[in-house]
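**Q** Handing over structure25.pdb, PDB, C-alpha atoms.
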ATOM      1  CA  MET A   3     -23.444  10.975  10.690
ATOM      2  CA  ASN A   4     -19.799   9.964  10.561
ATOM      3  CA  ALA A   5     -19.843   7.867  13.700
ATOM      4  CA  PRO A   6     -20.849   4.543  12.103
ATOM      5  CA  HIS A   7     -18.370   5.000   9.262
ATOM      6  CA  SER A   8     -15.636   5.919  11.740
ATOM      7  CA  SER A   9     -16.481   2.929  13.895
ATOM      8  CA  THR A  10     -16.392   0.652  10.859
ATOM      9  CA  HIS A  11     -13.040   2.096   9.882
ATOM     10  CA  THR A  12     -11.665   1.498  13.387
ATOM     11  CA  ASP A  13     -12.937  -2.083  13.324
ATOM     12  CA  GLU A  14     -11.279  -2.628   9.973
ATOM     13  CA  THR A  15      -8.002  -1.166  11.226
ATOM     14  CA  ARG A  16      -8.121  -3.526  14.204
ATOM     15  CA  LEU A  17      -8.813  -6.495  11.929
ATOM     16  CA  VAL A  18      -5.973  -5.489   9.623
ATOM     17  CA  GLN A  19      -3.565  -5.267  12.570
ATOM     18  CA  LYS A  20      -4.597  -8.705  13.787
ATOM     19  CA  ALA A  21      -4.288 -10.157  10.291
ATOM     20  CA  GLN A  22      -0.852  -8.602   9.950
ATOM     21  CA  ALA A  23       0.140 -10.440  13.123
ATOM     22  CA  GLY A  24      -0.948 -13.695  11.485
ATOM     23  CA  ASP A  25      -4.538 -14.012  12.762
ATOM     24  CA  SER A  26      -6.296 -15.884   9.951
ATOM     25  CA  HIS A  27      -9.724 -15.442  11.606
ATOM     26  CA  ALA A  28      -9.339 -11.670  11.433
ATOM     27  CA  PHE A  29      -8.349 -12.008   7.800
ATOM     28  CA  GLY A  30     -11.451 -14.133   7.251
ATOM     29  CA  GLU A  31     -13.554 -11.242   8.570
ATOM     30  CA  LEU A  32     -11.866  -8.912   6.092
ATOM     31  CA  VAL A  33     -12.546 -11.357   3.261
ATOM     32  CA  LEU A  34     -16.173 -11.524   4.317
ATOM     33  CA  GLN A  35     -16.457  -7.725   4.317
ATOM     34  CA  HIS A  36     -14.833  -7.198   0.929
ATOM     35  CA  GLN A  37     -15.521 -10.341  -1.086
ATOM     36  CA  ASN A  38     -18.646  -9.000  -2.807
ATOM     37  CA  PHE A  39     -17.037  -5.827  -4.020
ATOM     38  CA  VAL A  40     -13.749  -7.452  -4.996
ATOM     39  CA  TYR A  41     -15.683 -10.071  -6.949
ATOM     40  CA  ASN A  42     -17.812  -7.418  -8.664
ATOM     41  CA  LEU A  43     -14.740  -5.348  -9.494
ATOM     42  CA  ALA A  44     -13.102  -8.352 -11.144
ATOM     43  CA  LEU A  45     -16.385  -9.247 -12.844
ATOM     44  CA  ARG A  46     -16.745  -5.748 -14.316
ATOM     45  CA  ALA A  47     -13.138  -5.785 -15.478
ATOM     46  CA  LEU A  48     -13.028  -9.311 -16.901
ATOM     47  CA  ASN A  49     -16.681  -9.917 -17.784
ATOM     48  CA  ASP A  50     -16.357 -13.600 -16.926
ATOM     49  CA  PRO A  51     -17.705 -15.015 -13.632
ATOM     50  CA  GLU A  52     -15.201 -17.858 -13.412
ATOM     51  CA  GLU A  53     -12.226 -15.658 -14.121
ATOM     52  CA  ALA A  54     -13.602 -13.077 -11.708
ATOM     53  CA  GLN A  55     -13.798 -15.678  -8.954
ATOM     54  CA  ASP A  56     -10.245 -16.874  -9.628
ATOM     55  CA  THR A  57      -8.955 -13.322  -9.673
ATOM     56  CA  ALA A  58     -10.766 -12.373  -6.473
ATOM     57  CA  GLN A  59      -9.387 -15.458  -4.772
ATOM     58  CA  GLU A  60      -5.862 -14.689  -5.938
ATOM     59  CA  ALA A  61      -6.231 -11.077  -4.826
ATOM     60  CA  PHE A  62      -7.139 -12.142  -1.293
ATOM     61  CA  LEU A  63      -4.320 -14.686  -1.124
ATOM     62  CA  ARG A  64      -1.785 -12.148  -2.368
ATOM     63  CA  SER A  65      -3.036  -9.554   0.076
ATOM     64  CA  TRP A  66      -2.600 -12.107   2.895
ATOM     65  CA  GLN A  67       1.016 -12.658   1.900
ATOM     66  CA  ALA A  68       1.670  -8.946   1.422
ATOM     67  CA  LEU A  69      -0.135  -7.752   4.571
ATOM     68  CA  PRO A  70       3.048  -7.385   6.658
ATOM     69  CA  ASN A  71       4.193  -4.799   4.099
ATOM     70  CA  PHE A  72       0.927  -2.836   4.288
ATOM     71  CA  ARG A  73       1.816   0.415   6.070
ATOM     72  CA  GLY A  74      -1.659   1.921   6.252
ATOM     73  CA  GLN A  75      -0.792   4.863   4.007
ATOM     74  CA  SER A  76      -4.062   4.248   2.181
ATOM     75  CA  GLN A  77      -7.173   2.437   3.309
ATOM     76  CA  PHE A  78      -7.020  -1.348   3.315
ATOM     77  CA  SER A  79      -9.907  -1.473   0.832
ATOM     78  CA  THR A  80      -8.109   0.818  -1.642
ATOM     79  CA  TRP A  81      -4.963  -1.301  -1.333
ATOM     80  CA  LEU A  82      -6.948  -4.517  -1.845
ATOM     81  CA  TYR A  83      -8.792  -3.134  -4.882
ATOM     82  CA  ARG A  84      -5.505  -2.092  -6.412
ATOM     83  CA  ILE A  85      -4.147  -5.620  -6.036
ATOM     84  CA  THR A  86      -7.341  -6.889  -7.685
ATOM     85  CA  MET A  87      -7.032  -4.454 -10.567
ATOM     86  CA  ASN A  88      -3.374  -5.309 -11.136
ATOM     87  CA  LEU A  89      -4.349  -8.967 -11.432
ATOM     88  CA  CYS A  90      -7.124  -7.978 -13.859
ATOM     89  CA  TYR A  91      -4.616  -6.004 -15.937
ATOM     90  CA  ASN A  92      -2.383  -9.079 -16.051
ATOM     91  CA  ARG A  93      -5.267 -11.152 -17.394
ATOM     92  CA  ARG A  94      -6.588  -8.454 -19.754
ATOM     93  CA  PRO A  95      -3.782  -6.143 -20.855
ATOM     94  CA  ARG A  96      -6.164  -4.366 -23.236
ATOM     95  CA  LEU A  97      -8.233  -3.185 -20.274
ATOM     96  CA  LYS A  98      -5.513  -0.812 -19.159
ATOM     97  CA  ARG A  99      -5.123   0.461 -22.702
ATOM     98  CA  GLU A 100      -8.878   1.084 -22.892
ATOM     99  CA  LEU A 101      -8.861   3.020 -19.658
ATOM    100  CA  ALA A 102      -5.842   5.027 -20.715
ATOM    101  CA  ALA A 103      -7.458   5.753 -24.082
ATOM    102  CA  LEU A 104     -10.519   7.509 -22.650
ATOM    103  CA  PRO A 105     -11.013  10.670 -24.741
ATOM    104  CA  ILE A 106      -9.785  13.886 -23.182
ATOM    105  CA  GLU A 107     -12.239  16.280 -24.896
ATOM    106  CA  GLU A 108     -15.322  17.233 -22.894
ATOM    107  CA  HIS A 109     -18.812  16.498 -24.132
ATOM    108  CA  GLU A 110     -20.231  20.002 -24.189
ATOM    109  CA  ASN A 111     -23.548  18.839 -25.575
ATOM    110  CA  PHE A 112     -24.342  17.131 -22.319
ATOM    111  CA  ALA A 113     -23.028  19.751 -19.953
ATOM    112  CA  ASP A 114     -25.119  20.507 -16.882
ATOM    113  CA  GLY A 115     -27.927  22.964 -17.466
ATOM    114  CA  GLN A 116     -28.452  22.074 -21.103
ATOM    115  CA  ILE A 117     -30.742  19.162 -20.463
ATOM    116  CA  SER A 118     -34.462  19.651 -20.102
ATOM    117  CA  PRO A 119     -35.898  16.388 -18.922
ATOM    118  CA  PRO A 120     -39.597  16.065 -19.456
ATOM    119  CA  GLY A 121     -41.745  15.946 -16.374
ATOM    120  CA  GLN A 122     -44.079  13.238 -17.562
ATOM    121  CA  VAL A 123     -41.678  10.422 -16.787
ATOM    122  CA  GLU A 124     -41.832   8.769 -13.393
ATOM    123  CA  ALA A 125     -38.646   8.546 -11.359
ATOM    124  CA  SER A 126     -38.947   4.786 -11.003
ATOM    125  CA  GLU A 127     -38.988   4.466 -14.777
ATOM    126  CA  TRP A 128     -35.822   6.528 -15.020
ATOM    127  CA  CYS A 129     -34.112   4.286 -12.517
ATOM    128  CA  ALA A 130     -35.021   1.144 -14.409
ATOM    129  CA  TRP A 131     -33.873   2.615 -17.709
ATOM    130  CA  LEU A 132     -30.680   3.889 -16.191
ATOM    131  CA  GLN A 133     -29.767   0.481 -14.829
ATOM    132  CA  GLN A 134     -30.231  -0.975 -18.285
ATOM    133  CA  GLU A 135     -28.175   1.755 -19.896
ATOM    134  CA  VAL A 136     -25.268   1.221 -17.521
ATOM    135  CA  GLU A 137     -24.995  -2.316 -18.842
ATOM    136  CA  HIS A 138     -24.495  -0.928 -22.345
ATOM    137  CA  LEU A 139     -21.557   1.266 -21.349
ATOM    138  CA  PRO A 140     -17.985   0.178 -22.131
ATOM    139  CA  GLU A 141     -16.288  -1.898 -19.422
ATOM    140  CA  SER A 142     -13.935   0.908 -18.511
ATOM    141  CA  CYS A 143     -16.815   3.312 -17.811
ATOM    142  CA  ARG A 144     -18.691   0.710 -15.760
ATOM    143  CA  LEU A 145     -15.584   0.169 -13.675
ATOM    144  CA  LEU A 146     -15.346   3.868 -12.945
ATOM    145  CA  ILE A 147     -19.038   4.056 -12.005
ATOM    146  CA  LEU A 148     -18.680   1.061  -9.726
ATOM    147  CA  LEU A 149     -15.777   2.599  -7.846
ATOM    148  CA  ARG A 150     -17.195   6.120  -7.714
ATOM    149  CA  TYR A 151     -20.831   5.512  -6.874
ATOM    150  CA  GLN A 152     -20.974   2.144  -5.182
ATOM    151  CA  LYS A 153     -17.861   2.476  -3.024
ATOM    152  CA  GLU A 154     -17.897   6.287  -3.016
ATOM    153  CA  LEU A 155     -14.160   6.454  -3.568
ATOM    154  CA  SER A 156     -12.650   9.853  -4.246
ATOM    155  CA  TYR A 157     -11.125  10.655  -7.633
ATOM    156  CA  ASP A 158      -7.672  10.288  -6.069
ATOM    157  CA  GLU A 159      -8.504   6.868  -4.655
ATOM    158  CA  ILE A 160      -9.934   5.690  -7.985
ATOM    159  CA  SER A 161      -6.792   6.927  -9.677
ATOM    160  CA  GLU A 162      -4.716   4.919  -7.185
ATOM    161  CA  VAL A 163      -6.807   1.763  -7.552
ATOM    162  CA  LEU A 164      -6.753   1.828 -11.352
ATOM    163  CA  ASN A 165      -3.185   3.121 -11.554
ATOM    164  CA  MET A 166      -4.409   5.845 -13.900
ATOM    165  CA  PRO A 167      -3.835   9.601 -14.080
ATOM    166  CA  LEU A 168      -6.356  11.710 -12.181
ATOM    167  CA  GLY A 169      -7.408  13.530 -15.355
ATOM    168  CA  THR A 170      -8.250  10.266 -17.081
ATOM    169  CA  VAL A 171     -10.455   9.249 -14.163
ATOM    170  CA  LYS A 172     -12.348  12.568 -14.169
ATOM    171  CA  THR A 173     -12.796  12.515 -17.917
ATOM    172  CA  GLY A 174     -13.933   8.917 -17.870
ATOM    173  CA  LEU A 175     -16.584   9.580 -15.254
ATOM    174  CA  PHE A 176     -17.767  12.692 -17.066
ATOM    175  CA  ARG A 177     -17.995  10.708 -20.286
ATOM    176  CA  ALA A 178     -19.907   7.877 -18.644
ATOM    177  CA  LYS A 179     -22.462  10.237 -17.105
ATOM    178  CA  ALA A 180     -22.848  12.168 -20.344
ATOM    179  CA  ALA A 181     -23.407   8.974 -22.290
ATOM    180  CA  LEU A 182     -26.041   7.876 -19.784
ATOM    181  CA  LYS A 183     -27.846  11.216 -19.989
ATOM    182  CA  ALA A 184     -27.862  11.131 -23.763
ATOM    183  CA  ALA A 185     -29.182   7.591 -23.849
ATOM    184  CA  LEU A 186     -31.924   8.355 -21.353
ATOM    185  CA  LEU A 187     -33.034  11.485 -23.138
ATOM    186  CA  ALA A 188     -33.204   9.597 -26.402
ATOM    187  CA  ARG A 189     -35.456   7.007 -24.792
ATOM    188  CA  VAL A 190     -37.677   9.686 -23.264
ATOM    189  CA  LYS A 191     -38.010  11.435 -26.598
ATOM    190  CA  SER A 192     -39.008   8.278 -28.408
ATOM    191  CA  ARG A 193     -41.490   7.475 -25.645
ATOM    192  CA  GLU A 194     -43.103  10.905 -25.976
ATOM    193  CA  GLU A 195     -43.409  10.450 -29.697
ATOM    194  CA  VAL A 196     -45.199   7.166 -29.134
ATOM    195  CA  LEU A 197     -47.551   8.823 -26.611
ATOM    196  CA  GLU A 198     -48.302  11.687 -28.990
ATOM    197  CA  TRP A 199     -49.031   9.219 -31.788
ATOM    198  CA  THR A 200     -51.390   7.129 -29.645
ATOM    199  CA  ASN A 201     -53.267  10.239 -28.406
TER
ATOM    200  CA  MET B   7     -44.730  10.238  -7.304
ATOM    201  CA  ASP B   8     -41.563  12.147  -7.977
ATOM    202  CA  LYS B   9     -41.297  13.928 -11.256
ATOM    203  CA  LEU B  10     -38.095  15.018 -12.873
ATOM    204  CA  THR B  11     -38.610  18.710 -13.362
ATOM    205  CA  SER B  12     -35.091  20.198 -13.527
ATOM    206  CA  PRO B  13     -31.617  19.389 -14.784
ATOM    207  CA  THR B  14     -30.410  19.314 -11.178
ATOM    208  CA  GLY B  15     -33.125  16.829 -10.377
ATOM    209  CA  LEU B  16     -31.985  14.689 -13.274
ATOM    210  CA  ASP B  17     -28.377  14.685 -12.081
ATOM    211  CA  HIS B  18     -29.435  13.904  -8.549
ATOM    212  CA  MET B  19     -31.686  11.099  -9.696
ATOM    213  CA  MET B  20     -28.943   9.690 -11.889
ATOM    214  CA  GLU B  21     -26.359   9.689  -9.117
ATOM    215  CA  GLU B  22     -28.790   8.147  -6.640
ATOM    216  CA  THR B  23     -29.606   5.404  -9.115
ATOM    217  CA  LEU B  24     -25.943   4.726  -9.830
ATOM    218  CA  ARG B  25     -25.338   4.329  -6.099
ATOM    219  CA  LYS B  26     -28.066   1.720  -5.916
ATOM    220  CA  LEU B  27     -26.969  -0.418  -8.842
ATOM    221  CA  PRO B  28     -27.275  -4.052  -7.799
ATOM    222  CA  LEU B  29     -24.076  -5.961  -7.066
ATOM    223  CA  GLU B  30     -23.611  -9.626  -7.829
ATOM    224  CA  GLU B  31     -23.212 -11.890  -4.811
ATOM    225  CA  ALA B  32     -19.763 -13.397  -4.520
ATOM    226  CA  PRO B  33     -19.830 -17.193  -5.020
ATOM    227  CA  PRO B  34     -19.884 -19.032  -1.669
ATOM    228  CA  ALA B  35     -16.842 -21.045  -2.730
ATOM    229  CA  LEU B  36     -14.732 -17.884  -2.863
ATOM    230  CA  MET B  37     -14.454 -17.457   0.890
ATOM    231  CA  GLN B  38     -13.933 -21.192   1.439
ATOM    232  CA  ASN B  39     -11.191 -21.391  -1.190
ATOM    233  CA  VAL B  40      -9.405 -18.352   0.183
ATOM    234  CA  MET B  41      -9.416 -19.659   3.750
ATOM    235  CA  ALA B  42      -8.385 -23.141   2.629
ATOM    236  CA  ASN B  43      -5.418 -21.811   0.679
ATOM    237  CA  LEU B  44      -3.989 -19.446   3.281
ATOM    238  CA  THR B  45      -0.386 -20.457   3.763
ATOM    239  CA  PRO B  46       1.858 -19.379   6.627
ATOM    240  CA  ARG B  47       3.905 -16.315   5.848
ATOM    241  CA  PRO B  48       7.695 -16.724   5.635
ATOM    242  CA  GLN B  49       8.319 -15.220   9.088
ATOM    243  CA  MET B  50       5.716 -17.510  10.642
ATOM    244  CA  GLN B  51       7.350 -20.700   9.396
ATOM    245  CA  ALA B  52       9.288 -22.871  11.840
ATOM    246  CA  SER B  53      12.901 -21.869  12.342
ATOM    247  CA  PRO B  54      15.372 -23.977  10.362
ATOM    248  CA  GLN B  55      17.111 -26.906  12.025
ATOM    249  CA  PRO B  56      20.344 -25.952  13.846
ATOM    250  CA  VAL B  57      23.423 -26.598  11.803
ATOM    251  CA  ASP B  58      25.642 -29.348  13.213
ATOM    252  CA  LEU B  59      28.714 -27.887  14.850
ATOM    253  CA  PRO B  60      32.059 -28.890  13.415
ATOM    254  CA  PRO B  61      34.086 -31.241  15.639
ATOM    255  CA  PHE B  62      36.699 -29.651  17.891
ATOM    256  CA  ARG B  63      40.019 -29.849  16.101
ATOM    257  CA  LEU B  64      43.264 -28.004  16.788
ATOM    258  CA  LYS B  65      45.186 -26.649  13.831
ATOM    259  CA  TRP B  66      48.859 -25.729  13.619
ATOM    260  CA  MET B  67      47.951 -22.020  13.746
ATOM    261  CA  ASP B  68      46.300 -22.531  17.165
ATOM    262  CA  VAL B  69      49.507 -24.061  18.524
ATOM    263  CA  VAL B  70      51.733 -21.306  17.079
ATOM    264  CA  LEU B  71      49.537 -18.501  18.427
ATOM    265  CA  SER B  72      49.361 -20.147  21.855
ATOM    266  CA  LEU B  73      53.139 -20.466  22.007
ATOM    267  CA  PHE B  74      53.627 -16.864  20.868
ATOM    268  CA  PHE B  75      51.317 -15.367  23.503
ATOM    269  CA  ALA B  76      52.667 -17.667  26.227
ATOM    270  CA  GLY B  77      56.244 -16.645  25.264
ATOM    271  CA  MET B  78      55.315 -12.951  25.404
ATOM    272  CA  ALA B  79      53.740 -13.361  28.834
ATOM    273  CA  GLY B  80      56.776 -15.328  30.074
ATOM    274  CA  LEU B  81      59.165 -12.681  28.712
ATOM    275  CA  VAL B  82      57.324  -9.916  30.567
ATOM    276  CA  LEU B  83      57.490 -11.888  33.822
ATOM    277  CA  LEU B  84      61.176 -12.727  33.283
ATOM    278  CA  VAL B  85      62.078  -9.094  32.656
ATOM    279  CA  ALA B  86      60.098  -7.971  35.716
ATOM    280  CA  TRP B  87      61.877 -10.507  37.977
ATOM    281  CA  SER B  88      65.328  -9.819  36.567
ATOM    282  CA  VAL B  89      65.291  -6.037  37.123
ATOM    283  CA  PRO B  90      67.861  -5.149  39.855
ATOM    284  CA  PRO B  91      66.493  -3.277  42.927
ATOM    285  CA  GLU B  92      68.520  -0.131  42.102
ATOM    286  CA  LEU B  93      67.145   0.019  38.601
ATOM    287  CA  GLU B  94      63.643  -0.532  39.927
ATOM    288  CA  LEU B  95      64.085   2.417  42.338
ATOM    289  CA  ASN B  96      65.493   4.561  39.544
ATOM    290  CA  LEU B  97      62.594   3.656  37.259
ATOM    291  CA  THR B  98      60.068   4.461  39.992
ATOM    292  CA  TRP B  99      61.777   7.779  40.628
ATOM    293  CA  GLU B 100      61.734   8.609  36.900
ATOM    294  CA  LEU B 101      58.050   7.752  36.700
ATOM    295  CA  TYR B 102      57.336  10.157  39.594
ATOM    296  CA  ARG B 103      59.570  12.820  38.102
ATOM    297  CA  LEU B 104      57.901  12.611  34.700
ATOM    298  CA  ARG B 105      54.487  12.395  36.437
ATOM    299  CA  LEU B 106      53.803   9.104  34.683
ATOM    300  CA  TYR B 107      53.164   7.113  37.846
ATOM    301  CA  ASP B 108      49.389   7.106  37.108
ATOM    302  CA  LEU B 109      50.195   4.864  34.152
ATOM    303  CA  HIS B 110      50.228   2.040  36.674
ATOM    304  CA  TRP B 111      46.457   2.221  36.671
ATOM    305  CA  VAL B 112      46.392   2.113  32.913
ATOM    306  CA  MET B 113      48.591  -0.963  32.935
ATOM    307  CA  LEU B 114      46.463  -2.611  35.608
ATOM    308  CA  ALA B 115      43.317  -1.818  33.622
ATOM    309  CA  GLY B 116      44.888  -3.307  30.492
ATOM    310  CA  ILE B 117      45.899  -6.466  32.339
ATOM    311  CA  GLY B 118      42.399  -6.722  33.774
ATOM    312  CA  MET B 119      40.834  -6.388  30.330
ATOM    313  CA  CYS B 120      43.158  -9.066  28.958
ATOM    314  CA  ILE B 121      42.161 -11.428  31.759
ATOM    315  CA  MET B 122      38.476 -10.717  31.106
ATOM    316  CA  ALA B 123      38.930 -11.340  27.379
ATOM    317  CA  LEU B 124      40.692 -14.635  28.071
ATOM    318  CA  LEU B 125      37.943 -15.697  30.473
ATOM    319  CA  PHE B 126      35.297 -14.764  27.909
ATOM    320  CA  ALA B 127      37.103 -16.758  25.238
ATOM    321  CA  ALA B 128      37.377 -19.698  27.634
ATOM    322  CA  VAL B 129      33.638 -19.550  28.347
ATOM    323  CA  LEU B 130      32.861 -19.491  24.606
ATOM    324  CA  VAL B 131      35.143 -22.427  23.901
ATOM    325  CA  GLY B 132      33.742 -24.348  26.873
ATOM    326  CA  LYS B 133      30.144 -23.649  25.831
ATOM    327  CA  ARG B 134      30.794 -24.611  22.238
ATOM    328  CA  TYR B 135      33.002 -27.662  22.584
ATOM    329  CA  ILE B 136      33.274 -28.864  26.171
ATOM    330  CA  PHE B 137      29.700 -28.403  27.473
ATOM    331  CA  PRO B 138      27.627 -28.041  24.272
ATOM    332  CA  VAL B 139      23.970 -27.088  24.803
ATOM    333  CA  GLN B 140      21.668 -29.901  23.691
ATOM    334  CA  ARG B 141      18.908 -28.628  21.234
TER
END
Turn the structure described in the file into structure tokens.
**A**
Amino acid sequence: MNAPHSSTHTDETRLVQKAQAGDSHAFGELVLQHQNFVYNLALRALNDPEEAQDTAQEAFLRSWQALPNFRGQSQFSTWLYRITMNLCYNRRPRLKRELAALPIEEHENFADGQISPPGQVEASEWCAWLQQEVEHLPESCRLLILLRYQKELSYDEISEVLNMPLGTVKTGLFRAKAALKAALLARVKSREEVLEWTN
Amino acid sequence: MDKLTSPTGLDHMMEETLRKLPLEEAPPALMQNVMANLTPRPQMQASPQPVDLPPFRLKWMDVVLSLFFAGMAGLVLLVAWSVPPELELNLTWELYRLRLYDLHWVMLAGIGMCIMALLFAAVLVGKRYIFPVQR
């Protein structure tokens, strides 16, 4: 199972080494591999396509200049995302404050095991609703979801990318998932009421 | 069709859905702009032009130092030539008696090092001023 991932990682390491030596074609490959996610990260953080494009471009150019100093202590992607996020923080200082201000208390009402989802709802419907609900979450929560579920970064890596304490990252993700569950259950309940009324 | 029948199923479904959230495509201009704006890194830039060497010019200190060292060398030679044969024998005997005769090798080594240093200095001066390397 790990072989493809390992092979990809080796390829990336090779590309990074070439780019560090000044090979712009190798760097172009890295840009090609990461441009979608870097752009989406900036888009989630800034909520403006033009600014996101500018920021992504600047992130790649800065990473090119800083590559000789990259020691491989973290993955290249984590390092690149951190550069992107730092540029986003420069453009939107309030973003860092929002992330830092995520509430510490846990949402016990939505803890695992206390939800009884009705069985009448099709999975595909849940997926569609969930995608809509994610769009209604605060930017900071959407950023966390993007990093955790779409790039499958660990809590430590997310903490490094966002330059945030580990506890804040965990709490933020817990809060985002709890908010999604609550929103979905509310929709299911209202749907059932409508069904009962029509029957 | 799948039904959501348990809280675990709900969590699983939620996480699976979050993993499959659609990503926006990066604008095509992004890659082009990045590649067009890549600039050479500082260490890759061409080396700076060589600085023009100052013209060869003797100063009064060069003359004084030359005279001093030449005088010292001449004094040593003069003293060595002016030592009477008896005194030379006595000195040699004293060196043997005090077991200092091996110092001859130290003196020879010192003279050799001085000659090497002078040759090295001559090569440097010649390379810099007499036969400068054209760049």
**Q** Run the PyMOL selection byres ((chain A and resi 54-60) around 10) against the file shown and list the residues it catches, as a PyMOL selection string.
**A** (chain A and resi 33+36-53+61-66+82-83+85-90+93) or (chain B and resi 32-33+35-41+43)
**Q** I need the residue nearest chain B from this list: A:Phe29, A:Tyr157, A:Tyr91, A:Phe78. Use all atoms listed in the file for the distance.
**A** A:Phe29
**Q** Find the spatial neighbours of region 159-168 of chain A, counting all atoms listed in the file, within a cut-off of 10 Å - ignore same-chain residues fewer than 4 positions away - and output them as an MDAnalysis selection string.
**A** chainID A and resid 76:77 79:88 91 98 101:102 145:146 149:150 153:155 172:174
**Q** For a quick check of understanding, using only C-alpha atoms, which of A:Leu175, A:Leu132, A:Ala181, A:Ala188 has the smallest distance to chain B?
**A** A:Leu132
**Q** Using CA of Gly24 (chain A) and CA of Gln67 (chain A) as the two end points, give the distance in Å to one decimal.
**A**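 Atom-to-atom, CA of Gly24 (chain A) and CA of Gln67 (chain A) are spaced 9.8 Å apart.
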**Q** Could you write out as JSON the box around region 113-128 of chain B (axis-aligned, all atoms listed in the file, 4 Å on each side), with centre and edge lengths in Å to one decimal?
**A**
{"center_x": 41.9, "center_y": -10.3, "center_z": 30.4, "size_x": 21.3, "size_y": 26.7, "size_z": 18.4}
**Q** Kindly give the distance, in Å, that separates CA of Pro70 (chain A) and CA of Pro34 (chain B), rounded to a single decimal.
**A**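 These atoms are spaced 27.0 Å apart.
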**Q** For each of A:Cys143, A:Val136, A:Val171, A:Ala184, take the minimum atom-to-atom distance to chain B, counting all atoms listed in the file, then give the residue where this is smallest.
**A**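 Smallest distance to chain B is found for A:Val136.
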**Q** Compare B:Arg103, B:Lys26, B:Arg134, B:His18 by their minimum atom-to-atom distance to chain A, counting only C-alpha atoms, and give me the closest one.
**A** B:Lys26
**Q** So what do you get for CA of Phe75 (chain B) versus CA of Gly132 (chain B), distance-wise?
**A**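 Distance reported for this atom pair: 20.0 Å.
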**Q** Choose the residue, out of A:Cys129, A:Ala180, A:Ala21, A:Val190, that has the smallest atom-to-atom separation from chain B; count all atoms listed in the file.
**A** A:Cys129
**Q** Go through B:Leu29, B:Cys120, B:Met19, B:Leu130 one by one, measure the shortest atom-to-atom distance of each to Ala79 (chain B) using all atoms listed in the file, and give the residue with the smallest value.
**A** B:Cys120
